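What follows is a short report on a single structure.
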Amino acid sequence: MTEVQETILPGVGVRHDFTTTEGRNMGVVVHHDGRREIVMYKDDDPDACSSIVSLNPTDTQTLGEILGVSVVAEVVSEVRQELAGFSLDWVELGDDSPGVGGTIGEGEYRSKTGASIIAVIRNARPLPSPGPDFTFFAGDIAIIVGSKDEVQQLRTTLCG
Amino acid sequence: MVPVLAAGSAETALAFIEVGALIFGLGMLARLAGRLGITAVPLYLIAGLVFGEGGIVTLDVSEDFVSLAAEIGVLLLLFALGLEYSDVELREGLRTGIPPGLVDMFSSAGIGLALGLLLGWSPLAATLLAGVTWVSSSGVISKVLADLGRVGNRETKSVLNLLVIEDLAMAIYLPVVAAVIVGGTLTETLGSVAIALVVVTVILLAALRFGRGLSDQLGRGNDETLLLAVFGLVLLVAGIAQSFDVSGAIGAFLVGLALSGRTEERVLVLVSPLRDLFAATFFVFFTFQIDPRDLIGMLGWAVLLAFLTAAAKVLTGWYAARRMEVGTRGRFRAGTVLIARGEFSIVIAALGVDLADGPELGALAAAYVLITAVLGPIATRYSDPMVGWFQRRGSKTELAPAAVS
């Protein structure tokens with residue numbers, strides 16, 4: 001991933017900026033009040049920026065969903081807080097994990113361990129509610145939910 | 001306020017009319033300022049000149065109330081300032097901002113001190129003038145940065161860091177100067193300065209140590225309980241600080257520093273309208289006590305001071321931005337945005353009202369803030385075209401001799 005620079009702006013918030021693959025410099029200012037401002041730096045004056053758009057927290061979520069990817073982390077952390085008594089975990093499958101190559105149905109994961117696989121992240125794309133014929137590849141990240149013991153058991157079954 | 005209410009309905013009615021007309025007028029001015037795209041502070045100062053001493057109309061019965069409201073205005077201004085920065089941001093500001101902070105102090109405050117002494121003022125009054133010329137207005141600057149869409153600019157970080165350093169410097173400067181003003185013999189003065197520093201340190205340590213717990217405790221209730229508790233706490237700490245001859249404003253500032261996290265954000269939202277109301281009263285009341293003729297007399301000095309300290313701020317901003325590897329245009333933007341002085345220059349000048357040189361200091365500070373708060377934002381708006389013009393001129397003069405030879 002591209003390197004993102006973080007700058008603390010006292011009294012304002014935090015500025016994140018990075019250079020796109022096309023060589024344009026862009027930044028996001030996250031204000032203390034939750035507002036986010038997307039800016040592009042000018043070519044003739046790389047210190048100055050023009051503001052593209054200003055987003056409130058709801059807009060940010062909308063845009064994030066359209067762009068996909070990293071929003072999953074935020075959503076998961078919210079879900080994790082809501083599920084008191086449940087455990088929610090991320091399990092990354094390695095090359096030699098027992099789960100790789102088999103489908104979810106074949107593994108009979110839920111009947112064996114009690115924990116459910118609610119989503120899989122593959123190549124940084126979230127795939128929600130995988131069906132029984134979903135086949136695991138190495139590098140997949142399974143998001144699993146259940147009681148603490150169940151989750152632990154499923155983790156061992158999937159990854160060895 | 002009690003005597004006003006007890007003094008019979010006719011007087012109460014008059015007080016209502018005076019205060020009401022005053023605040024309504026200020027509301028209209030704030031609206032005008034919004035239209036013009038400037039901060040309302042200069043307009044409030046002018047309003048105070050027009051009314052008040054030597055002006056067209058004078059307030060009669062409500063002066064006691066307005067003066068107390070003005071004092072509360074100072075407390076809330078400082079309290080909100082303390083709220084503005086979290087401990088992480090303060091540390092970050094300190095980590096990178098000290099060298100530009102020193103340049104700032106020696107240039108901007110130095111010019112004020114020198115002019116004060118040149119005018120034959122007492123060293124104390126000159127020190128207050130140094131404070132007036134030292135602190136840029138964080139209120140005006142944050143508004144200008146937002147209006148001009150410069151929040152994301154790379155030089156903005158250096159500007160904001162410098163504001164943090166100035167605020168921390170004020171946390172030492174204000175109580176020390178306030179203690180010196182109380183005066184007495186040399187030993188008494190040194191004693192009160194020492195007490196001031198001890199009290200500030202104690203409150204600051206308590207703020208850092210117990211701030212989080214205090215914030216959690218206060219944050220439990222609804223908005224009403226939070227507002228009342230915080231407002232009471234600010235006045236209480238300020239009163240206690242004042243009884244030790246430490247500036248009450250500093251007490252309020254430290255309470256602001258102590259609050260953190262979610263509570264801090266809620267308090268800022270709740271207190272902002274109160275601060276705007278009381279602070280407006282403070283600005284008006286400050287120029288109430290100034291005779292417009294004094295102000296006109298000081299105008300020449302104020303223009304000179306504004307010009308010199310504007311140059312000093314451009315230098316400071318230039319240096320601060322260059323340390324962050326910002327280019328020429330960005331350095332000038334950083335410098336020019338710092339020119340504006342405002343609320344805190346007036347707070348500092350107000351400390352000296354009872355000094356022998358107080359009236360002159362007040363008049364000079366008012367004129368100075370009027371000039372810089374209006375012209376500063378304009379200067380920074382046209383900073384880029386000005387730099388472009390200079391650069392084109394520069395390249396022409398370089399070309400000219402080459403063409404001759």
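In the structure tokens, each chain is lettered A, B, ... as it comes, each chain's residues begin at 1, and ligands are numbered from 1 in order of appearance.
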
Taking the DSSP assignment computed from this structure's backbone, write out as a VMD selection string all residues of chain A that belong to strand (DSSP E). chain A and resid 5 to 9 13 to 19 25 to 31 36 to 41 49 to 55 87 to 92 116 to 122 125 to 128 141 to 146

Which chain B residues have any atom within 7 Å of an atom of chain A, and for each, what is the nearest pair of atoms with distance in Å to one decimal, counting only C-alpha atoms, rows sorted by chain and number, as CSV?
residue,atom,partner,partner_atom,distance
B:Glu84,CA,A:Gly11,CA,5.3
B:Tyr85,CA,A:Gly11,CA,5.3
B:Glu89,CA,A:Pro10,CA,5.1
B:Gly149,CA,A:Ser51,CA,6.4
B:Arg150,CA,A:Cys49,CA,6.9
B:Gly152,CA,A:Val29,CA,6.2
B:Asn153,CA,A:Ala48,CA,4.9
B:Arg154,CA,A:Asp47,CA,5.0
B:Glu155,CA,A:Asp47,CA,6.7
B:Lys157,CA,A:Leu9,CA,5.6
B:Leu160,CA,A:Pro10,CA,5.9
B:Asn161,CA,A:Pro10,CA,6.7
B:Val326,CA,A:Asp47,CA,6.3
B:Gly327,CA,A:Asp47,CA,6.9
B:Gly330,CA,A:Asp47,CA,6.1

Skip B:Ala311 itself and residues of its chain fewer than 3 positions away, then list as a PyMOL selection string all residues within 9 Å of it, counting only C-alpha atoms. chain B and resi 108+306-308+314-316+335-336+339

Any chance you could export the current selection's N, CA and C atoms as a JSON list (two decimals), in the first residue's frame?
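Output below, filename selection-v8.json:
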[["chain", "number", "residue", "atom", "x", "y", "z"],
["B", 108, "SER", "N", 8.39, 39.91, 17.66],
["B", 108, "SER", "CA", 7.10, 40.61, 17.85],
["B", 108, "SER", "C", 6.99, 41.25, 19.22],
["B", 306, "ALA", "N", 1.95, 48.46, 13.94],
["B", 306, "ALA", "CA", 1.33, 47.43, 13.11],
["B", 306, "ALA", "C", 2.26, 47.05, 11.96],
["B", 307, "PHE", "N", 2.87, 48.06, 11.35],
["B", 307, "PHE", "CA", 3.75, 47.82, 10.21],
["B", 307, "PHE", "C", 4.97, 46.99, 10.64],
["B", 308, "LEU", "N", 5.62, 47.43, 11.74],
["B", 308, "LEU", "CA", 6.83, 46.74, 12.19],
["B", 308, "LEU", "C", 6.53, 45.31, 12.64],
["B", 314, "VAL", "N", 5.74, 38.12, 9.59],
["B", 314, "VAL", "CA", 6.06, 37.52, 8.29],
["B", 314, "VAL", "C", 7.38, 36.76, 8.40],
["B", 315, "LEU", "N", 8.35, 37.39, 9.09],
["B", 315, "LEU", "CA", 9.64, 36.75, 9.31],
["B", 315, "LEU", "C", 9.47, 35.45, 10.10],
["B", 316, "THR", "N", 8.68, 35.53, 11.19],
["B", 316, "THR", "CA", 8.47, 34.34, 12.03],
["B", 316, "THR", "C", 7.82, 33.22, 11.24],
["B", 335, "GLY", "N", 3.42, 33.53, 7.07],
["B", 335, "GLY", "CA", 3.80, 34.78, 7.72],
["B", 335, "GLY", "C", 2.66, 35.77, 7.78],
["B", 336, "THR", "N", 1.97, 35.96, 6.64],
["B", 336, "THR", "CA", 0.94, 36.99, 6.59],
["B", 336, "THR", "C", -0.29, 36.61, 7.41],
["B", 339, "ILE", "N", -0.35, 37.89, 11.02],
["B", 339, "ILE", "CA", -0.36, 39.32, 11.34],
["B", 339, "ILE", "C", -1.51, 39.70, 12.28]]

Can you tell me, as a PyMOL selection string, what residues are no more than 12 Å from B:Val369 when counting only C-alpha atoms, ignoring any on the same chain fewer than 2 positions away? chain B and resi 39-46+129+132-137+140+283+287+295+299+302-303+305-306+309-310+339-349+361-367+371-376

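Every protein, DNA or RNA residue with an atom at most 7 Å from stretch 271-276 of chain B, where only C-alpha atoms count and chain neighbours fewer than 3 positions away do not, is listed here: Gly73, Leu76, Leu77, Val267, Leu268, Ala279 and Ala280 of chain B.
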
For the residues in that selection, give me N, CA and C atoms as a CSV table (one decimal), in the first residue's frame.
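Contents of out-v9.csv, freshly written:
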chain,number,residue,atom,x,y,z
B,73,GLY,N,-16.5,37.3,30.4
B,73,GLY,CA,-16.1,37.1,29.0
B,73,GLY,C,-14.6,36.7,28.9
B,76,LEU,N,-14.1,33.1,30.0
B,76,LEU,CA,-14.6,32.1,29.0
B,76,LEU,C,-13.7,32.1,27.8
B,77,LEU,N,-13.2,33.3,27.4
B,77,LEU,CA,-12.2,33.3,26.2
B,77,LEU,C,-11.0,32.4,26.5
B,267,VAL,N,-18.3,20.2,25.9
B,267,VAL,CA,-18.2,21.4,26.6
B,267,VAL,C,-18.0,22.6,25.6
B,268,LEU,N,-17.1,22.3,24.6
B,268,LEU,CA,-16.8,23.4,23.7
B,268,LEU,C,-18.0,23.8,22.9
B,279,ALA,N,-17.9,37.5,25.7
B,279,ALA,CA,-16.7,38.1,25.1
B,279,ALA,C,-17.0,39.4,24.3
B,280,ALA,N,-18.2,39.4,23.7
B,280,ALA,CA,-18.6,40.6,22.9
B,280,ALA,C,-18.7,41.7,23.9

Check chain A with DSSP on the backbone and list each residue it calls helix (DSSP H, G or I), as a tab-separated table (two decimals) with all heavy atoms, in the first residue's frame.
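Listed below is the output, selection.tsv:
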chain	number	residue	atom	x	y	z
A	57	PRO	N	-19.86	12.85	9.02
A	57	PRO	CA	-19.61	11.43	9.26
A	57	PRO	C	-20.48	10.48	8.41
A	57	PRO	O	-19.98	9.46	7.93
A	57	PRO	CB	-19.93	11.28	10.75
A	57	PRO	CG	-19.60	12.61	11.31
A	57	PRO	CD	-19.98	13.60	10.27
A	58	THR	N	-21.73	10.84	8.17
A	58	THR	CA	-22.60	9.98	7.36
A	58	THR	C	-22.11	9.92	5.92
A	58	THR	O	-22.05	8.84	5.31
A	58	THR	CB	-24.05	10.49	7.38
A	58	THR	OG1	-24.34	10.94	8.69
A	58	THR	CG2	-25.02	9.43	6.97
A	59	ASP	N	-21.75	11.10	5.38
A	59	ASP	CA	-21.24	11.14	4.01
A	59	ASP	C	-19.99	10.29	3.88
A	59	ASP	O	-19.79	9.58	2.89
A	59	ASP	CB	-20.86	12.58	3.60
A	59	ASP	CG	-22.02	13.53	3.73
A	59	ASP	OD1	-23.16	13.06	3.59
A	59	ASP	OD2	-21.80	14.72	3.99
A	60	THR	N	-19.15	10.39	4.92
A	60	THR	CA	-17.90	9.63	4.90
A	60	THR	C	-18.18	8.14	4.79
A	60	THR	O	-17.54	7.42	4.03
A	60	THR	CB	-17.10	9.90	6.18
A	60	THR	OG1	-16.94	11.30	6.32
A	60	THR	CG2	-15.74	9.24	6.12
A	61	GLN	N	-19.18	7.70	5.58
A	61	GLN	CA	-19.51	6.28	5.56
A	61	GLN	C	-20.03	5.86	4.18
A	61	GLN	O	-19.65	4.82	3.65
A	61	GLN	CB	-20.55	5.98	6.62
A	61	GLN	CG	-20.53	4.53	7.05
A	61	GLN	CD	-21.21	4.35	8.39
A	61	GLN	OE1	-21.89	5.25	8.86
A	61	GLN	NE2	-21.04	3.19	8.99
A	62	THR	N	-20.87	6.74	3.60
A	62	THR	CA	-21.40	6.45	2.28
A	62	THR	C	-20.27	6.32	1.26
A	62	THR	O	-20.19	5.33	0.52
A	62	THR	CB	-22.35	7.59	1.82
A	62	THR	OG1	-23.25	7.85	2.88
A	62	THR	CG2	-23.09	7.22	0.56
A	63	LEU	N	-19.39	7.33	1.26
A	63	LEU	CA	-18.28	7.30	0.31
A	63	LEU	C	-17.41	6.08	0.55
A	63	LEU	O	-16.98	5.40	-0.39
A	63	LEU	CB	-17.45	8.58	0.45
A	63	LEU	CG	-16.28	8.71	-0.52
A	63	LEU	CD1	-16.78	8.84	-1.94
A	63	LEU	CD2	-15.41	9.90	-0.18
A	64	GLY	N	-17.18	5.79	1.83
A	64	GLY	CA	-16.35	4.64	2.18
A	64	GLY	C	-16.95	3.35	1.65
A	64	GLY	O	-16.25	2.49	1.13
A	65	GLU	N	-18.28	3.23	1.74
A	65	GLU	CA	-18.93	2.01	1.26
A	65	GLU	C	-18.79	1.87	-0.25
A	65	GLU	O	-18.60	0.79	-0.78
A	65	GLU	CB	-20.39	1.98	1.68
A	65	GLU	CG	-20.59	1.24	3.00
A	65	GLU	CD	-21.87	1.62	3.69
A	65	GLU	OE1	-22.85	1.94	2.99
A	65	GLU	OE2	-21.89	1.62	4.92
A	66	ILE	N	-18.89	3.04	-0.93
A	66	ILE	CA	-18.73	3.00	-2.39
A	66	ILE	C	-17.31	2.56	-2.74
A	66	ILE	O	-17.09	1.75	-3.62
A	66	ILE	CB	-19.03	4.38	-3.00
A	66	ILE	CG1	-20.49	4.75	-2.73
A	66	ILE	CG2	-18.75	4.38	-4.49
A	66	ILE	CD1	-20.82	6.18	-3.03
A	67	LEU	N	-16.36	3.10	-2.00
A	67	LEU	CA	-14.97	2.75	-2.27
A	67	LEU	C	-14.61	1.38	-1.71
A	67	LEU	O	-13.59	0.82	-2.07
A	67	LEU	CB	-14.02	3.80	-1.68
A	67	LEU	CG	-14.18	5.22	-2.25
A	67	LEU	CD1	-13.28	6.17	-1.49
A	67	LEU	CD2	-13.84	5.25	-3.72
A	71	VAL	N	-13.26	0.13	5.02
A	71	VAL	CA	-14.35	0.45	5.92
A	71	VAL	C	-14.72	-0.76	6.77
A	71	VAL	O	-15.18	-0.63	7.89
A	71	VAL	CB	-15.57	0.93	5.13
A	71	VAL	CG1	-16.64	1.42	6.06
A	71	VAL	CG2	-15.17	2.01	4.18
A	72	VAL	N	-14.46	-1.97	6.21
A	72	VAL	CA	-14.79	-3.19	6.95
A	72	VAL	C	-14.22	-3.15	8.35
A	72	VAL	O	-14.90	-3.48	9.32
A	72	VAL	CB	-14.24	-4.42	6.17
A	72	VAL	CG1	-14.45	-5.68	6.97
A	72	VAL	CG2	-14.93	-4.51	4.84
A	73	ALA	N	-12.99	-2.70	8.47
A	73	ALA	CA	-12.34	-2.65	9.77
A	73	ALA	C	-13.16	-1.83	10.75
A	73	ALA	O	-13.40	-2.24	11.88
A	73	ALA	CB	-10.95	-2.07	9.63
A	74	GLU	N	-13.64	-0.65	10.28
A	74	GLU	CA	-14.41	0.23	11.16
A	74	GLU	C	-15.70	-0.45	11.58
A	74	GLU	O	-16.07	-0.46	12.75
A	74	GLU	CB	-14.75	1.52	10.43
A	74	GLU	CG	-13.98	2.71	10.92
A	74	GLU	CD	-14.41	3.96	10.18
A	74	GLU	OE1	-15.58	4.36	10.28
A	74	GLU	OE2	-13.56	4.51	9.49
A	75	VAL	N	-16.39	-1.02	10.60
A	75	VAL	CA	-17.67	-1.66	10.88
A	75	VAL	C	-17.47	-2.81	11.85
A	75	VAL	O	-18.20	-2.95	12.83
A	75	VAL	CB	-18.31	-2.16	9.58
A	75	VAL	CG1	-19.55	-2.97	9.87
A	75	VAL	CG2	-18.64	-0.99	8.68
A	76	VAL	N	-16.43	-3.62	11.60
A	76	VAL	CA	-16.19	-4.76	12.48
A	76	VAL	C	-15.93	-4.31	13.90
A	76	VAL	O	-16.46	-4.89	14.85
A	76	VAL	CB	-15.01	-5.60	11.94
A	76	VAL	CG1	-14.54	-6.57	12.99
A	76	VAL	CG2	-15.45	-6.33	10.69
A	77	SER	N	-15.17	-3.22	14.07
A	77	SER	CA	-14.88	-2.81	15.43
A	77	SER	C	-16.15	-2.34	16.14
A	77	SER	O	-16.31	-2.52	17.33
A	77	SER	CB	-13.82	-1.73	15.47
A	77	SER	OG	-14.37	-0.51	15.06
A	78	GLU	N	-17.09	-1.77	15.37
A	78	GLU	CA	-18.38	-1.39	15.97
A	78	GLU	C	-19.16	-2.64	16.37
A	78	GLU	O	-19.69	-2.73	17.47
A	78	GLU	CB	-19.20	-0.57	14.99
A	78	GLU	CG	-18.90	0.91	15.08
A	78	GLU	CD	-19.56	1.69	13.96
A	78	GLU	OE1	-20.63	1.25	13.48
A	78	GLU	OE2	-19.01	2.72	13.56
A	79	VAL	N	-19.21	-3.61	15.47
A	79	VAL	CA	-19.95	-4.83	15.75
A	79	VAL	C	-19.38	-5.51	16.98
A	79	VAL	O	-20.10	-5.98	17.85
A	79	VAL	CB	-19.87	-5.78	14.53
A	79	VAL	CG1	-20.43	-7.15	14.88
A	79	VAL	CG2	-20.62	-5.19	13.35
A	80	ARG	N	-18.04	-5.51	17.06
A	80	ARG	CA	-17.38	-6.17	18.17
A	80	ARG	C	-17.87	-5.59	19.50
A	80	ARG	O	-18.07	-6.31	20.47
A	80	ARG	CB	-15.88	-5.96	18.04
A	80	ARG	CG	-15.07	-6.73	19.05
A	80	ARG	CD	-13.62	-6.60	18.76
A	80	ARG	NE	-13.23	-7.32	17.57
A	80	ARG	CZ	-11.99	-7.35	17.10
A	80	ARG	NH1	-11.04	-6.69	17.70
A	80	ARG	NH2	-11.72	-8.03	16.01
A	81	GLN	N	-18.08	-4.25	19.52
A	81	GLN	CA	-18.54	-3.64	20.76
A	81	GLN	C	-19.97	-4.03	21.08
A	81	GLN	O	-20.35	-4.18	22.23
A	81	GLN	CB	-18.44	-2.11	20.67
A	81	GLN	CG	-17.02	-1.63	20.84
A	81	GLN	CD	-16.88	-0.17	20.50
A	81	GLN	OE1	-17.86	0.48	20.11
A	81	GLN	NE2	-15.69	0.36	20.67
A	82	GLU	N	-20.78	-4.18	20.04
A	82	GLU	CA	-22.19	-4.47	20.27
A	82	GLU	C	-22.42	-5.88	20.77
A	82	GLU	O	-23.37	-6.16	21.50
A	82	GLU	CB	-22.98	-4.26	18.97
A	82	GLU	CG	-23.26	-2.79	18.70
A	82	GLU	CD	-23.76	-2.58	17.29
A	82	GLU	OE1	-24.23	-3.56	16.67
A	82	GLU	OE2	-23.67	-1.45	16.80
A	104	ILE	N	-16.73	-24.48	2.46
A	104	ILE	CA	-17.25	-24.33	3.82
A	104	ILE	C	-18.16	-25.52	4.15
A	104	ILE	O	-18.14	-26.04	5.26
A	104	ILE	CB	-18.02	-22.99	3.95
A	104	ILE	CG1	-17.01	-21.83	3.87
A	104	ILE	CG2	-18.81	-22.92	5.25
A	104	ILE	CD1	-17.60	-20.46	4.02
A	105	GLY	N	-18.95	-25.97	3.14
A	105	GLY	CA	-19.85	-27.10	3.36
A	105	GLY	C	-19.10	-28.37	3.75
A	105	GLY	O	-19.45	-29.07	4.69
A	106	GLU	N	-18.02	-28.64	2.98
A	106	GLU	CA	-17.21	-29.83	3.28
A	106	GLU	C	-16.61	-29.80	4.68
A	106	GLU	O	-16.53	-30.81	5.36
A	106	GLU	CB	-16.05	-29.94	2.28
A	106	GLU	CG	-16.47	-30.33	0.88
A	106	GLU	CD	-15.36	-30.06	-0.14
A	106	GLU	OE1	-14.25	-29.66	0.28
A	106	GLU	OE2	-15.62	-30.22	-1.34
A	107	GLY	N	-16.21	-28.60	5.09
A	107	GLY	CA	-15.56	-28.48	6.39
A	107	GLY	C	-16.53	-28.71	7.56
A	107	GLY	O	-16.10	-29.01	8.65
A	109	TYR	N	-17.98	-26.64	9.33
A	109	TYR	CA	-17.39	-25.87	10.44
A	109	TYR	C	-18.40	-25.56	11.54
A	109	TYR	O	-18.11	-25.65	12.71
A	109	TYR	CB	-16.78	-24.57	9.91
A	109	TYR	CG	-15.62	-24.83	8.97
A	109	TYR	CD1	-15.69	-24.48	7.61
A	109	TYR	CD2	-14.47	-25.45	9.45
A	109	TYR	CE1	-14.63	-24.73	6.76
A	109	TYR	CE2	-13.40	-25.71	8.60
A	109	TYR	CZ	-13.50	-25.34	7.26
A	109	TYR	OH	-12.45	-25.60	6.43
A	110	ARG	N	-19.63	-25.17	11.11
A	110	ARG	CA	-20.56	-24.72	12.14
A	110	ARG	C	-21.04	-25.89	13.01
A	110	ARG	O	-21.13	-25.78	14.21
A	110	ARG	CB	-21.76	-23.99	11.53
A	110	ARG	CG	-22.47	-23.19	12.60
A	110	ARG	CD	-23.21	-22.08	12.02
A	110	ARG	NE	-24.22	-22.61	11.08
A	110	ARG	CZ	-25.46	-22.15	11.05
A	110	ARG	NH1	-25.84	-21.21	11.87
A	110	ARG	NH2	-26.31	-22.64	10.19
A	111	SER	N	-21.32	-27.03	12.34
A	111	SER	CA	-21.81	-28.15	13.16
A	111	SER	C	-20.70	-28.73	14.04
A	111	SER	O	-20.94	-29.20	15.13
A	111	SER	CB	-22.41	-29.23	12.26
A	111	SER	OG	-21.55	-29.48	11.18
A	112	LYS	N	-19.44	-28.61	13.57
A	112	LYS	CA	-18.35	-29.16	14.37
A	112	LYS	C	-17.93	-28.25	15.53
A	112	LYS	O	-17.61	-28.71	16.62
A	112	LYS	CB	-17.12	-29.43	13.49
A	112	LYS	CG	-17.22	-30.74	12.72
A	112	LYS	CD	-15.92	-30.98	11.98
A	112	LYS	CE	-16.06	-32.20	11.10
A	112	LYS	NZ	-15.06	-32.17	10.02
A	113	THR	N	-17.90	-26.93	15.24
A	113	THR	CA	-17.34	-26.03	16.27
A	113	THR	C	-18.40	-25.13	16.91
A	113	THR	O	-18.20	-24.63	18.01
A	113	THR	CB	-16.27	-25.12	15.66
A	113	THR	OG1	-16.91	-24.25	14.72
A	113	THR	CG2	-15.20	-25.93	14.95
A	148	LYS	N	-16.55	-17.62	22.92
A	148	LYS	CA	-15.09	-17.53	22.92
A	148	LYS	C	-14.46	-18.89	22.57
A	148	LYS	O	-13.57	-18.97	21.73
A	148	LYS	CB	-14.63	-17.08	24.31
A	148	LYS	CG	-13.30	-16.38	24.29
A	148	LYS	CD	-12.98	-15.78	25.64
A	148	LYS	CE	-11.52	-15.35	25.64
A	148	LYS	NZ	-11.02	-15.06	26.96
A	149	ASP	N	-14.99	-19.97	23.19
A	149	ASP	CA	-14.43	-21.31	22.95
A	149	ASP	C	-14.67	-21.75	21.51
A	149	ASP	O	-13.77	-22.29	20.86
A	149	ASP	CB	-15.07	-22.34	23.90
A	149	ASP	CG	-14.66	-22.09	25.34
A	149	ASP	OD1	-13.65	-21.35	25.53
A	149	ASP	OD2	-15.33	-22.61	26.25
A	150	GLU	N	-15.88	-21.48	21.03
A	150	GLU	CA	-16.23	-21.88	19.67
A	150	GLU	C	-15.32	-21.22	18.64
A	150	GLU	O	-14.83	-21.86	17.70
A	150	GLU	CB	-17.69	-21.52	19.37
A	150	GLU	CG	-18.70	-22.37	20.13
A	150	GLU	CD	-20.11	-21.78	20.11
A	150	GLU	OE1	-20.30	-20.67	19.58
A	150	GLU	OE2	-21.01	-22.44	20.65
A	151	VAL	N	-15.09	-19.93	18.85
A	151	VAL	CA	-14.25	-19.19	17.93
A	151	VAL	C	-12.84	-19.75	17.94
A	151	VAL	O	-12.22	-19.96	16.89
A	151	VAL	CB	-14.25	-17.69	18.29
A	151	VAL	CG1	-13.11	-16.96	17.59
A	151	VAL	CG2	-15.58	-17.06	17.90
A	152	GLN	N	-12.36	-20.06	19.14
A	152	GLN	CA	-11.01	-20.61	19.29
A	152	GLN	C	-10.91	-21.96	18.56
A	152	GLN	O	-9.95	-22.23	17.84
A	152	GLN	CB	-10.69	-20.77	20.78
A	152	GLN	CG	-9.23	-21.09	21.07
A	152	GLN	CD	-8.30	-20.14	20.33
A	152	GLN	OE1	-8.50	-18.92	20.33
A	152	GLN	NE2	-7.29	-20.69	19.65
A	153	GLN	N	-11.98	-22.76	18.69
A	153	GLN	CA	-12.00	-24.09	18.08
A	153	GLN	C	-11.98	-23.99	16.56
A	153	GLN	O	-11.24	-24.69	15.88
A	153	GLN	CB	-13.27	-24.82	18.52
A	153	GLN	CG	-13.00	-26.22	19.04
A	153	GLN	CD	-14.31	-26.91	19.38
A	153	GLN	OE1	-15.28	-26.26	19.78
A	153	GLN	NE2	-14.34	-28.21	19.22
A	154	LEU	N	-12.81	-23.04	16.04
A	154	LEU	CA	-12.88	-22.87	14.60
A	154	LEU	C	-11.55	-22.38	14.04
A	154	LEU	O	-11.10	-22.79	12.97
A	154	LEU	CB	-14.02	-21.90	14.23
A	154	LEU	CG	-14.22	-21.61	12.75
A	154	LEU	CD1	-14.32	-22.88	11.94
A	154	LEU	CD2	-15.48	-20.78	12.55
A	155	ARG	N	-10.92	-21.51	14.81
A	155	ARG	CA	-9.61	-20.99	14.41
A	155	ARG	C	-8.63	-22.16	14.23
A	155	ARG	O	-7.92	-22.22	13.22
A	155	ARG	CB	-9.11	-20.04	15.50
A	155	ARG	CG	-7.72	-19.49	15.25
A	155	ARG	CD	-7.30	-18.63	16.43
A	155	ARG	NE	-7.65	-17.23	16.23
A	155	ARG	CZ	-6.93	-16.38	15.48
A	155	ARG	NH1	-5.84	-16.81	14.90
A	155	ARG	NH2	-7.30	-15.15	15.31
A	156	THR	N	-8.62	-23.09	15.19
A	156	THR	CA	-7.69	-24.23	15.09
A	156	THR	C	-8.07	-25.12	13.91
A	156	THR	O	-7.20	-25.60	13.18
A	156	THR	CB	-7.74	-25.09	16.37
A	156	THR	OG1	-8.34	-24.33	17.41
A	156	THR	CG2	-6.35	-25.51	16.80
A	157	THR	N	-9.38	-25.31	13.71
A	157	THR	CA	-9.81	-26.18	12.61
A	157	THR	C	-9.42	-25.60	11.26
A	157	THR	O	-8.98	-26.32	10.37
A	157	THR	CB	-11.34	-26.34	12.65
A	157	THR	OG1	-11.76	-26.45	14.00
A	157	THR	CG2	-11.80	-27.56	11.87
A	158	LEU	N	-9.58	-24.28	11.11
A	158	LEU	CA	-9.29	-23.64	9.83
A	158	LEU	C	-7.80	-23.53	9.57
A	158	LEU	O	-7.34	-23.79	8.47
A	158	LEU	CB	-9.89	-22.23	9.81
A	158	LEU	CG	-11.30	-22.05	9.26
A	158	LEU	CD1	-11.68	-20.60	9.39
A	158	LEU	CD2	-11.37	-22.48	7.80
A	159	CYS	N	-7.07	-23.14	10.57
A	159	CYS	CA	-5.66	-22.79	10.35
A	159	CYS	C	-4.70	-23.84	10.86
A	159	CYS	O	-3.52	-23.78	10.54
A	159	CYS	CB	-5.32	-21.49	11.06
A	159	CYS	SG	-6.29	-20.15	10.46

Need to verify the contact set: B:Ala241, 7 Å, only C-alpha atoms, exclusion of same-chain residues closer than 6 positions in sequence. Can you return it as a PDB file with N, CA and C atoms, in the first residue's frame?
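Now in around05.pdb:
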ATOM      1  N   SER B 247      -3.778  35.716  38.046  1.00  0.00           N
ATOM      2  CA  SER B 247      -4.851  36.107  37.144  1.00  0.00           C
ATOM      3  C   SER B 247      -5.928  35.016  37.066  1.00  0.00           C
ATOM      4  N   GLY B 248      -7.178  35.424  37.307  1.00  0.00           N
ATOM      5  CA  GLY B 248      -8.279  34.467  37.245  1.00  0.00           C
ATOM      6  C   GLY B 248      -8.405  33.826  35.874  1.00  0.00           C
ATOM      7  N   GLY B 251      -6.551  30.716  35.674  1.00  0.00           N
ATOM      8  CA  GLY B 251      -7.276  29.615  36.314  1.00  0.00           C
ATOM      9  C   GLY B 251      -8.250  28.983  35.333  1.00  0.00           C
TER      10      GLY B 251
END

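Distance annotation: of B:Ala194, B:Ala229, B:Leu277, B:Leu355, the residue with the minimal separation from B:Val19 is B:Leu277; atom set is only C-alpha atoms.
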
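The nearest approach to B:Ala69 among the residues B:Leu233, B:Val284, B:Glu18, B:Met298, with only C-alpha atoms taken into account, belongs to B:Val284.
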
Extract, using only C-alpha atoms, all DNA, RNA and protein residues at most 7 Å from A:Pro128, discarding same-chain residues fewer than 2 positions from it, and format them as number ranges by chain. A: 118-120, 126, 130

Mind giving me the straight-line distance from atom CA of B:Ile203 to atom CA of B:Ser243 in Å, one decimal? 14.2 Å

I need the residue nearest B:Gly20 from this list: B:Val198, B:Ala169, B:Val88, B:Val66. Use only C-alpha atoms for the distance. B:Val66
